[in-house]
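Visitor: The structure under discussion is supplied below as structure tokens; questions concerning it will follow.
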Amino acid sequence: MNALLKHPHLDVEIFEFAPEFSERGAAVGIAQNGQAALAEIGGAVAGALDRAGAVVMSSSRMYMASGPSAMSFVFDLAAEQRGKVVHRAALLTELLKPISQEKMHTNKKVVRIEDLESGRVLLYFNDGATFEVDAVIGADGVHGYVREYVLGVDHPALKPKFGGFWDARSLVSMQKAKELLGKDYFNEGLQRQYGWVGDGGFFMHDVLDGGETVQCVVCGVMDEEWGEDEWKRELDRRALEKAVVKWTDTPIKRGMIEAMLENADLKAFAEWHHKENAPTYAKGHVCIMGDAAHCMTPWQGSGAGQAIEDAMILETLLKEVRDPSQLTAAFKAYDQVRRPRTQRIIKSSHGTGMIMCGRGPDTGLDMDKIREALPKRWVFIHTQDQKEHKRESLAALKAVA
Ligand SMILES: Cc1cc2nc3c(=O)[nH]c(=O)nc-3n(C[C@H](O)[C@H](O)[C@H](O)COP(=O)(O)OP(=O)(O)OC[C@H]3O[C@@H](n4cnc5c(N)ncnc54)[C@H](O)[C@@H]3O)c2cc1C
């Protein structure tokens with residue numbers, strides 16, 4: 001919305017299912033490519049990360065937590081391509097500030113979309129209301145409706161599938177984190193994200209709220225005990241200890257268990273992804289972006305960054321649209337440039353998760369092989385030239401128009 005606000009010829013409204021705009025979850029990391037896309041969008045978005053208290057990560061530093069090399073340093077990811085970690089709610093607050101209240105509609109769940117003969121589109125909401133528009137951008141997440149309209153109700157790629165992993169998170173104060181995990185990992189002025197490769201799982205901690213809070217995340221490979229429709233499960237001490245039973249007994253394993261149990265309501269959540277590739281992200285005057293288009297497991301910390309890139313490209317194309325008849329071409333061009341990259345990341349992210357949980361088919365818990373295989377997996381994500389990506393989308397628009 002912020003991206004489109006800059007263009008007076010585009011009149012944009014947001015419809016949100018929830019009673020208010022809010023963000024569940026703690027932190028989100030915005031890597032260099034996402035930061036560059038935000039800078040390209042500019043306007044009210046520029047500087048939003050910093051105003052929201054984002055902390056620059058000096059690097060993501062990986063260690064082994066299992067196997068013969070337990071507690072050994074593996075590598076530093078992206079020391080020269082720094083990511084920023086930010087509290088989700090704080091970032092959302094910043095992003096909503098420039099948007100006028102009259103443009104934001106809550107308690108509005110989209111349940112149907114109808115093409116009108118006029119070429120316009122009619123949105124139907126769960127409260128019986130309708131709203132007529134020239135175009136719809138479905139940013140309604142992994143369990144939204146607009147993907148169904150675009151792909152069709154029976155399409156095999158419609159529904160997200162379990163990504164094969166679960167994760168749980170706990171927020172602790174900086175003081176508590178130093179006590180439980182060791183103060184060597186927290187150096188004011190040089191904050192890092194730390195990852196620990198376990199046997200069938202992974203532990204990560206990073207710093208947010210300008211250095212006040214430490215986010216701890218534990219992840220595991222789903223076992224056969226997970227039911228097909230089980231989205232989450234309780235994670236008490238016994239269950240957590242069972243999940244990491246194969247990990248080498250190290251101080252970090254013990255500290256991690258205590259840090260996770262600081263969350264009195266600890267739950268393991270299934271990770272989802274769009275395992276089957278959608279054949280398109282657009283249909284006529286309707287398109288999908290973000291998790292609605294390309295839900296990915298979080299192993300390469302890229303879902304939000306890709307949603308920001310989507311917004312950048314949609315702005316680039318929609319600012320060229322002077323008449324509604326050009327919308328189909330704009331969305332086709334969007335689909336052409338965004339789908340290959342985002343679907344590649346879905347696949348890459350899953351493979352990265354397997355390696356980070358010590359289950360890569362070619363790497364296992366072999367530190368040297370992990371060191372060789374992992375770092376290069378981020379290069380194509382982080383080093384994208386966003387100006388070139390925008391040019392590519394305009395060329396695609398010219399070709400399809
Ligand atoms: C554990 C975890 C860690 C992650 N870490 C990172 C990270 O470090 N870096 C990163 O870049 N990404 C990360 N991601 C991914 C990132 O969180 C998502 O990609 C991103 O939040 C997707 O944003 P979205 O706006 O597309 O969808 P959502 O955030 O899901 O928003 C969708 C919105 O649409 C609304 N909605 C749903 N249905 C309807 C409807 N029918 N009508 C109207 N409104 C509707 C919902 O209420 C919601 O507000 C992580 C994800 C997970 C699960």
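To be explicit about the labels: the chains of the structure tokens are called A, B, and onward in the order shown, and within each one the residues are counted from 1, while ligands get numbers from 1 in the order they are shown.
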Throw together the list of residues within 6 Å of ligand 1, counting only C-alpha atoms and all ligand atoms, and drop it here as a list of chain:residue names.

Guide: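 Final answer, ordered by chain and number: A:Phe15, A:Glu16, A:Phe17, A:Ala18, A:Val28, A:Gly29, A:Ile30, A:Lys108, A:Lys109, A:Val110, A:Val111, A:Ala139, A:Asp140, A:Gly141, A:Val142, A:His143, A:Gly144, A:Tyr145, A:Gly290, A:Asp291, A:Ala292, A:Pro298, A:Gly301, A:Ser302, A:Gly303, A:Ala304, A:Gly305, A:Ala307.
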
Visitor: Do you know which residues are at most 10 Å from Phe165 (chain A) counting only C-alpha atoms, after dropping those on the same chain fewer than 2 positions away, and could you put them as number ranges by chain?

Guide: A: 162-163, 167, 200-201, 219-223, 268-272, 297-299, 350, 353-354, 357

Visitor: Just asking: which residues within region 8-213 of chain A are strand (DSSP E or B) according to DSSP, as a PyMOL selection string?

Guide: chain A and resi 14-15+27-30+55-56+60-64+73-77+84-87+104-105+110-115+121-125+130-133+136-138+161-173+193-197+201-208+213

Visitor: Which is closer to Leu158 (chain A) than all the others in A:Ala293, A:Ala48, A:Leu235, A:Ala259, using only C-alpha atoms?

Guide: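 Ranked by minimum distance to Leu158 (chain A), first place goes to A:Ala293.
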
Visitor: Which of these residues is nearest to Asn107 (chain A), using only C-alpha atoms: A:Leu5, A:Ile14, A:Ala89, A:Ala46?

Guide: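 Among the listed residues, A:Ile14 lies closest to Asn107 (chain A).
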
Visitor: Pick out the residues sitting within 10 Å of Lys97 (chain A), and hand them over as JSON, numbers by chain; count only C-alpha atoms, and ignore anything fewer than 3 positions along from it in its own chain.

Guide: {"A": [2, 44, 45, 48, 92, 93, 94, 100, 101]}

Visitor: Rank A:Ser348, A:Asp50, A:Val150, A:Glu388 by their smallest atom-to-atom distance to Ala373 (chain A), using only C-alpha atoms, and report the top residue only.

Guide: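 For Ala373 (chain A), the nearest of the candidates is A:Ser348.
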
Visitor: Counting only C-alpha atoms, figure out which residue out of A:Val55, A:Val197, A:Ala39, A:Ala330 gets nearest to Ala282 (chain A).

Guide: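 Nearest to Ala282 (chain A): A:Ala330.
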
Visitor: When you look at Ala329 (chain A) with a cut-off of 7 Å (counting only C-alpha atoms), what residues show up, excluding the ones that are within fewer than 5 positions of it in the same chain? I need them as an mmCIF file with N, CA, C and O atoms, in the first residue's frame.

Guide:
data_model
loop_
_atom_site.group_PDB
_atom_site.id
_atom_site.type_symbol
_atom_site.label_atom_id
_atom_site.label_comp_id
_atom_site.auth_asym_id
_atom_site.auth_seq_id
_atom_site.Cartn_x
_atom_site.Cartn_y
_atom_site.Cartn_z
ATOM 1 N N LEU A 397 6.723 -5.951 -19.336
ATOM 2 C CA LEU A 397 5.459 -5.244 -19.583
ATOM 3 C C LEU A 397 5.368 -4.825 -21.052
ATOM 4 O O LEU A 397 4.331 -4.982 -21.692
ATOM 5 N N VAL A 400 4.559 -7.891 -23.189
ATOM 6 C CA VAL A 400 3.220 -8.499 -23.133
ATOM 7 C C VAL A 400 2.114 -7.512 -23.499
ATOM 8 O O VAL A 400 1.002 -7.925 -23.843
ATOM 9 N N ALA A 401 2.401 -6.217 -23.430
ATOM 10 C CA ALA A 401 1.324 -5.217 -23.631
ATOM 11 C C ALA A 401 0.864 -5.198 -25.087
ATOM 12 O O ALA A 401 1.609 -5.498 -25.995
#

Visitor: Restricting the calculation to only C-alpha atoms, which member of A:Ala37, A:Gly360, A:Phe73, A:Lys376 is positioned closest to Gln300 (chain A)?

Guide: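 Closest candidate: A:Lys376.
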
Visitor: Do you have the CA of Leu181 (chain A)-CA of Lys369 (chain A) distance handy?

Guide: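 The value is 26.5 Å.
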
Visitor: Do you know which residues are at most 12 Å from Ala239 (chain A) counting only C-alpha atoms, after dropping those on the same chain fewer than 3 positions away, and could you put them as JSON, numbers by chain?

Guide: {"A": [168, 220, 233, 234, 235, 236, 242, 243, 244, 245, 257, 260, 261, 266, 267, 268]}

Visitor: If I take CA of Cys295 (chain A) and CA of His273 (chain A), how far is one from the other in Å, to one decimal?

Guide: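 Going from CA of Cys295 (chain A) over to CA of His273 (chain A) covers 4.8 Å.
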
Visitor: For each of A:Ile308, A:Leu49, A:Met296, A:Met367, take the minimum atom-to-atom distance to Ile345 (chain A), counting only C-alpha atoms, then give the residue where this is smallest.

Guide: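 Of A:Ile308, A:Leu49, A:Met296, A:Met367, the one nearest Ile345 (chain A) is A:Met296, counting only C-alpha atoms.
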
Visitor: Write out as a ChimeraX atom specification the set of residues from region 278-392 of chain A that DSSP, computed on the backbone, places in helix (DSSP H, G or I).

Guide: /A:291-294,298-300,303-318,324-356,367-373,375-382,386-392

Visitor: Pick out the residues sitting within 7 Å of Ile355 (chain A), and hand them over as a list in words; count only C-alpha atoms, and ignore anything fewer than 5 positions along from it in its own chain.

Guide: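 Answer for this query is Gly360, Thr363, Gly364 and Ile370 of chain A.
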
Visitor: Pick out the residues sitting within 10 Å of Phe131 (chain A), and hand them over as a list in words; count only C-alpha atoms, and ignore anything fewer than 6 positions along from it in its own chain.

Guide: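 So, after excluding close chain neighbours, the residues are Ile113, Val121, Leu122, Leu123, Tyr124 and Phe125 of chain A.
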
Visitor: Would you output that residue set with all heavy atoms, as a PDB file, in the first residue's frame?

Guide:
ATOM      1  N   ILE A 113     -14.642 -13.608  -5.321  1.00  0.00           N
ATOM      2  CA  ILE A 113     -14.314 -12.546  -6.276  1.00  0.00           C
ATOM      3  C   ILE A 113     -15.069 -12.839  -7.560  1.00  0.00           C
ATOM      4  O   ILE A 113     -15.094 -13.982  -8.025  1.00  0.00           O
ATOM      5  CB  ILE A 113     -12.794 -12.510  -6.554  1.00  0.00           C
ATOM      6  CG1 ILE A 113     -12.038 -12.050  -5.295  1.00  0.00           C
ATOM      7  CG2 ILE A 113     -12.465 -11.592  -7.732  1.00  0.00           C
ATOM      8  CD1 ILE A 113     -10.519 -12.094  -5.432  1.00  0.00           C
ATOM      9  N   VAL A 121     -13.959  -5.679 -11.038  1.00  0.00           N
ATOM     10  CA  VAL A 121     -13.964  -6.886 -10.199  1.00  0.00           C
ATOM     11  C   VAL A 121     -14.806  -6.591  -8.959  1.00  0.00           C
ATOM     12  O   VAL A 121     -14.686  -5.501  -8.376  1.00  0.00           O
ATOM     13  CB  VAL A 121     -12.510  -7.218  -9.768  1.00  0.00           C
ATOM     14  CG1 VAL A 121     -12.462  -8.432  -8.868  1.00  0.00           C
ATOM     15  CG2 VAL A 121     -11.625  -7.425 -10.989  1.00  0.00           C
ATOM     16  N   LEU A 122     -15.623  -7.559  -8.552  1.00  0.00           N
ATOM     17  CA  LEU A 122     -16.450  -7.359  -7.361  1.00  0.00           C
ATOM     18  C   LEU A 122     -15.947  -8.261  -6.230  1.00  0.00           C
ATOM     19  O   LEU A 122     -15.838  -9.477  -6.400  1.00  0.00           O
ATOM     20  CB  LEU A 122     -17.918  -7.685  -7.689  1.00  0.00           C
ATOM     21  CG  LEU A 122     -18.945  -7.280  -6.642  1.00  0.00           C
ATOM     22  CD1 LEU A 122     -18.937  -5.763  -6.393  1.00  0.00           C
ATOM     23  CD2 LEU A 122     -20.356  -7.730  -7.054  1.00  0.00           C
ATOM     24  N   LEU A 123     -15.618  -7.627  -5.114  1.00  0.00           N
ATOM     25  CA  LEU A 123     -15.169  -8.383  -3.934  1.00  0.00           C
ATOM     26  C   LEU A 123     -16.370  -8.643  -3.037  1.00  0.00           C
ATOM     27  O   LEU A 123     -17.158  -7.732  -2.773  1.00  0.00           O
ATOM     28  CB  LEU A 123     -14.168  -7.542  -3.133  1.00  0.00           C
ATOM     29  CG  LEU A 123     -12.773  -7.347  -3.712  1.00  0.00           C
ATOM     30  CD1 LEU A 123     -12.016  -6.316  -2.884  1.00  0.00           C
ATOM     31  CD2 LEU A 123     -12.023  -8.666  -3.698  1.00  0.00           C
ATOM     32  N   TYR A 124     -16.489  -9.865  -2.544  1.00  0.00           N
ATOM     33  CA  TYR A 124     -17.542 -10.212  -1.588  1.00  0.00           C
ATOM     34  C   TYR A 124     -16.885 -10.488  -0.237  1.00  0.00           C
ATOM     35  O   TYR A 124     -15.880 -11.198  -0.175  1.00  0.00           O
ATOM     36  CB  TYR A 124     -18.275 -11.485  -2.012  1.00  0.00           C
ATOM     37  CG  TYR A 124     -19.146 -11.330  -3.223  1.00  0.00           C
ATOM     38  CD1 TYR A 124     -18.601 -11.385  -4.503  1.00  0.00           C
ATOM     39  CD2 TYR A 124     -20.521 -11.134  -3.095  1.00  0.00           C
ATOM     40  CE1 TYR A 124     -19.412 -11.256  -5.632  1.00  0.00           C
ATOM     41  CE2 TYR A 124     -21.330 -10.998  -4.207  1.00  0.00           C
ATOM     42  CZ  TYR A 124     -20.767 -11.053  -5.476  1.00  0.00           C
ATOM     43  OH  TYR A 124     -21.567 -10.916  -6.585  1.00  0.00           O
ATOM     44  N   PHE A 125     -17.487  -9.963   0.817  1.00  0.00           N
ATOM     45  CA  PHE A 125     -16.937 -10.164   2.161  1.00  0.00           C
ATOM     46  C   PHE A 125     -17.856 -11.066   2.991  1.00  0.00           C
ATOM     47  O   PHE A 125     -19.041 -11.225   2.669  1.00  0.00           O
ATOM     48  CB  PHE A 125     -16.752  -8.810   2.851  1.00  0.00           C
ATOM     49  CG  PHE A 125     -15.785  -7.929   2.115  1.00  0.00           C
ATOM     50  CD1 PHE A 125     -16.244  -6.925   1.267  1.00  0.00           C
ATOM     51  CD2 PHE A 125     -14.417  -8.125   2.232  1.00  0.00           C
ATOM     52  CE1 PHE A 125     -15.355  -6.122   0.564  1.00  0.00           C
ATOM     53  CE2 PHE A 125     -13.528  -7.334   1.525  1.00  0.00           C
ATOM     54  CZ  PHE A 125     -13.996  -6.326   0.694  1.00  0.00           C
TER      55      PHE A 125
END

Visitor: Can you tell me how far CA of Pro340 (chain A) sits from CA of Met356 (chain A), in Å to one decimal?

Guide: 24.1 Å
